[in-house]
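A quick write-up on the structure given underneath.
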Amino acid sequence: MHNLFHHLRDAPTSAWIGIGIVVFYAVLAVGAPVFAPFPESASVGKQYQPWVAPYYLGTDALGRDVLSRLIYGARNTVGIALSTTALAFTLGATFGLLAATLGGWFDAISSRVVDVLMAIPPLIFALLILTITGTSVMALILVIAVLDSTRVFRLSRAVAQGILTMDYIEVARMRGEGLFWLIRKEVLPNAASPLVAEFGLRFCFVFLFISALSFLGLGIQPPTTDWGGMVRESAKLISFANFSTWQTATFGLAPLLPAGAIALLTIGVNLVVDWVLHMSSGLKE
């Protein structure tokens with residue numbers, strides 16, 4: 001804990017900006033029912049209301065408050081992306097560390113399975129599986145987690161193989177330490193920094209991937225709110241925008257609101273990841 005406070009104290013401005021963005025989204029997601037003016041899926045007014053109180057960002061085609069849907073979208077999109085990334089890391093890191101430590105037939109078979117999955121374009125594979133299984137939240141999490149775990153497997157296996165060549169690993173094996181002791185006490189602590197940085201990057205990829213699927217109509221399904229679906233729903237308003245008046249100009253801005261929310265969180269996470277990578281590299285400047 002002391003080291004964490006020390007690193008935070010010396011963190012650059014970019015890292016603090018990233019941390020601030022991530023914390024803001026986390027608070028927004030957890031407190032969505034408190035911060036949102038209206039319920040997530042309730043029709044509270046006429047369609048396409050202007051940006052005036054009490055609809056500060058207007059309403060959509062069904063009369064739902066856009067600001068409330070943006071806030072609930074933080075809970076749904078970010079929450080599902082975080083759960084998917086955690087599951088992908090659990091699968092990928094577990095099998096990657098085991099493959100590197102065990103070697104032999106287990107390493108060969110698991111590596112070939114990963115090669116096959118990585119040879120298929122992820123978006124095409126996800127569209128195929130989700131078309132067959134349906135677009136439930138559980139199916140979405142499982143499909144994307146399995147696809148993304150292949151990248152985590154490759155990284156964790158490569159990092160672990162480098163650690164396993166060290167002298168202290170050989171000493172531990174000569175002492176008679178078991179497989180899981182080696183992974184828990186020697187390999188995992190030394191692989192933590194690159195894995196933490198990769199977790200942030202994987203979260204961004206998963207987050208954008210879910211938004212892309214929702215934009216195509218195979219992600220999070222209505223009436224559940226998510227930002228990719230909001231972009232799809234409001235994209236057609238651009239053709240009706242008339243920037244001569246503020247009320248009609250807001251039609252053209254509507255798709256930019258969820259797209260901007262996606263972009264801002266991606267930037268924030270990447271700023272934090274850059275800081276973590278800088279710390280793990282040992283560079284002072």
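We label chains A, B, ... in the order they appear in the structure tokens, count residues from 1 in each chain, and number ligands from 1 in the order shown.
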Checklist entry - Where does DSSP see alpha helix (DSSP H) in stretch 16-221 of chain A, if you list the residues as a count of residues only? => result 146
Checklist entry - With distances taken over only C-alpha atoms, which of A:Ser68, A:Thr165, A:Thr85, A:Ser111 is nearest to A:Ile144? => result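 So, comparing all the options, the nearest one is A:Thr85.
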Next on the checklist: Neighbouring residues of stretch 86-92 of chain A were defined as those with any atom within 6 Å, considering only C-alpha atoms; residues of the same chain fewer than 5 positions away were excluded. Please report them as a ChimeraX atom specification.
Outcome noted: /A:145,148-149,152-153
Next on the checklist: Just want the 10 Å neighbourhood of stretch 209-224 of chain A, counted on only C-alpha atoms, with same-chain residues fewer than 4 positions away dropped. Output as a ChimeraX atom specification.
Outcome noted: /A:40-42,69,72-73,76-78,80-81,84,122-123,126-127,130-131,134-137,139-141,144,203-205,228-233,235,258-259,262
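Here atom CA of A:Leu208 is placed at a distance of 17.0 Å from atom CA of A:Ala26.
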Checklist entry - Using only C-alpha atoms, which of the listed residues (A:Ala158, A:Leu82, A:Phe125, A:Leu70) sits closest to A:Asp107? => result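 Looking only at the distances to A:Asp107, the closest residue turns out to be A:Ala158.
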Item to check | Separation of atom CA of A:Phe106 from atom CA of A:Ile183, in Å and rounded to one decimal | outcome: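 The value is 15.9 Å.
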Item to check | Pairwise distance for atom CA of A:Ala74 and atom CA of A:Thr94, rounded to one decimal in Å | outcome: 29.1 Å
Checklist entry - A:Trp181: which residues within 12 Å, counting only C-alpha atoms, same-chain residues fewer than 6 positions away excluded, as a list in words? => result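 Once the nearby chain positions are removed, what remains is Leu98, Thr101, Ile169, Ala172, Arg173, Arg175, Val187, Leu188 and Pro189 of chain A.
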So that I have them on file, write out the residues from the current selection with C-alpha atoms, as a short mmCIF file (atom, residue, chain, number, x, y, z; two decimals), in the first residue's frame.
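As written to disk, selection_25.cif reads:
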```
data_model
loop_
_atom_site.label_atom_id
_atom_site.label_comp_id
_atom_site.auth_asym_id
_atom_site.auth_seq_id
_atom_site.Cartn_x
_atom_site.Cartn_y
_atom_site.Cartn_z
CA LEU A 98 0.28 -23.72 -16.93
CA THR A 101 5.37 -24.28 -16.55
CA ILE A 169 13.34 -20.94 -10.49
CA ALA A 172 13.11 -23.58 -6.16
CA ARG A 173 12.75 -26.74 -8.24
CA ARG A 175 14.25 -27.55 -3.23
CA VAL A 187 6.09 -16.68 -11.81
CA LEU A 188 2.94 -14.68 -11.09
CA PRO A 189 4.55 -11.92 -8.96
#
```
Checklist entry - Using only C-alpha atoms, which of A:Gly58, A:Pro33, A:Pro12, A:Gly104 sits nearest A:Leu257? => result A:Gly58
Next on the checklist: List the spatial neighbours of A:Glu186 as a VMD selection string - criterion: any atom at most 10 Å away, only C-alpha atoms, same-chain residues fewer than 4 positions off excluded.
Outcome noted: chain A and resid 160 163 to 164 168 to 169 172 180 to 182 190 to 191
Next on the checklist: If we count only C-alpha atoms and set the cut-off at 8 Å, which residues sit around A:Val276, ignoring sequence neighbours fewer than 4 positions away in its own chain? Please answer as a list in words.
Outcome noted: Ser193, Val196, Ala197, Val272 and Ser280 of chain A
Selected residues, all heavy atoms, written as a PDB file, in the first residue's frame, please.
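New file selection_19.pdb:
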```
ATOM      1  N   SER A 193       3.310  -7.030 -13.590  1.00  0.00           N
ATOM      2  CA  SER A 193       3.299  -5.719 -14.253  1.00  0.00           C
ATOM      3  C   SER A 193       2.833  -5.792 -15.709  1.00  0.00           C
ATOM      4  O   SER A 193       1.917  -5.053 -16.104  1.00  0.00           O
ATOM      5  CB  SER A 193       4.684  -5.073 -14.167  1.00  0.00           C
ATOM      6  OG  SER A 193       4.989  -4.744 -12.829  1.00  0.00           O
ATOM      7  N   VAL A 196      -0.924  -6.665 -15.759  1.00  0.00           N
ATOM      8  CA  VAL A 196      -1.804  -5.569 -15.368  1.00  0.00           C
ATOM      9  C   VAL A 196      -1.962  -4.575 -16.517  1.00  0.00           C
ATOM     10  O   VAL A 196      -3.067  -4.109 -16.820  1.00  0.00           O
ATOM     11  CB  VAL A 196      -1.261  -4.860 -14.110  1.00  0.00           C
ATOM     12  CG1 VAL A 196      -2.000  -3.552 -13.855  1.00  0.00           C
ATOM     13  CG2 VAL A 196      -1.385  -5.769 -12.895  1.00  0.00           C
ATOM     14  N   ALA A 197      -0.840  -4.255 -17.182  1.00  0.00           N
ATOM     15  CA  ALA A 197      -0.912  -3.353 -18.330  1.00  0.00           C
ATOM     16  C   ALA A 197      -1.752  -3.962 -19.451  1.00  0.00           C
ATOM     17  O   ALA A 197      -2.558  -3.276 -20.090  1.00  0.00           O
ATOM     18  CB  ALA A 197       0.494  -3.041 -18.827  1.00  0.00           C
ATOM     19  N   VAL A 272      -3.705   5.482 -18.221  1.00  0.00           N
ATOM     20  CA  VAL A 272      -3.320   4.711 -17.029  1.00  0.00           C
ATOM     21  C   VAL A 272      -2.405   3.558 -17.425  1.00  0.00           C
ATOM     22  O   VAL A 272      -1.403   3.279 -16.742  1.00  0.00           O
ATOM     23  CB  VAL A 272      -4.574   4.194 -16.295  1.00  0.00           C
ATOM     24  CG1 VAL A 272      -4.181   3.311 -15.113  1.00  0.00           C
ATOM     25  CG2 VAL A 272      -5.428   5.353 -15.811  1.00  0.00           C
ATOM     26  N   SER A 280       6.664  -0.213 -14.818  1.00  0.00           N
ATOM     27  CA  SER A 280       7.211  -1.577 -14.880  1.00  0.00           C
ATOM     28  C   SER A 280       8.507  -1.631 -15.664  1.00  0.00           C
ATOM     29  O   SER A 280       9.312  -2.552 -15.483  1.00  0.00           O
ATOM     30  CB  SER A 280       6.184  -2.527 -15.513  1.00  0.00           C
ATOM     31  OG  SER A 280       5.913  -2.157 -16.851  1.00  0.00           O
TER      32      SER A 280
END
```
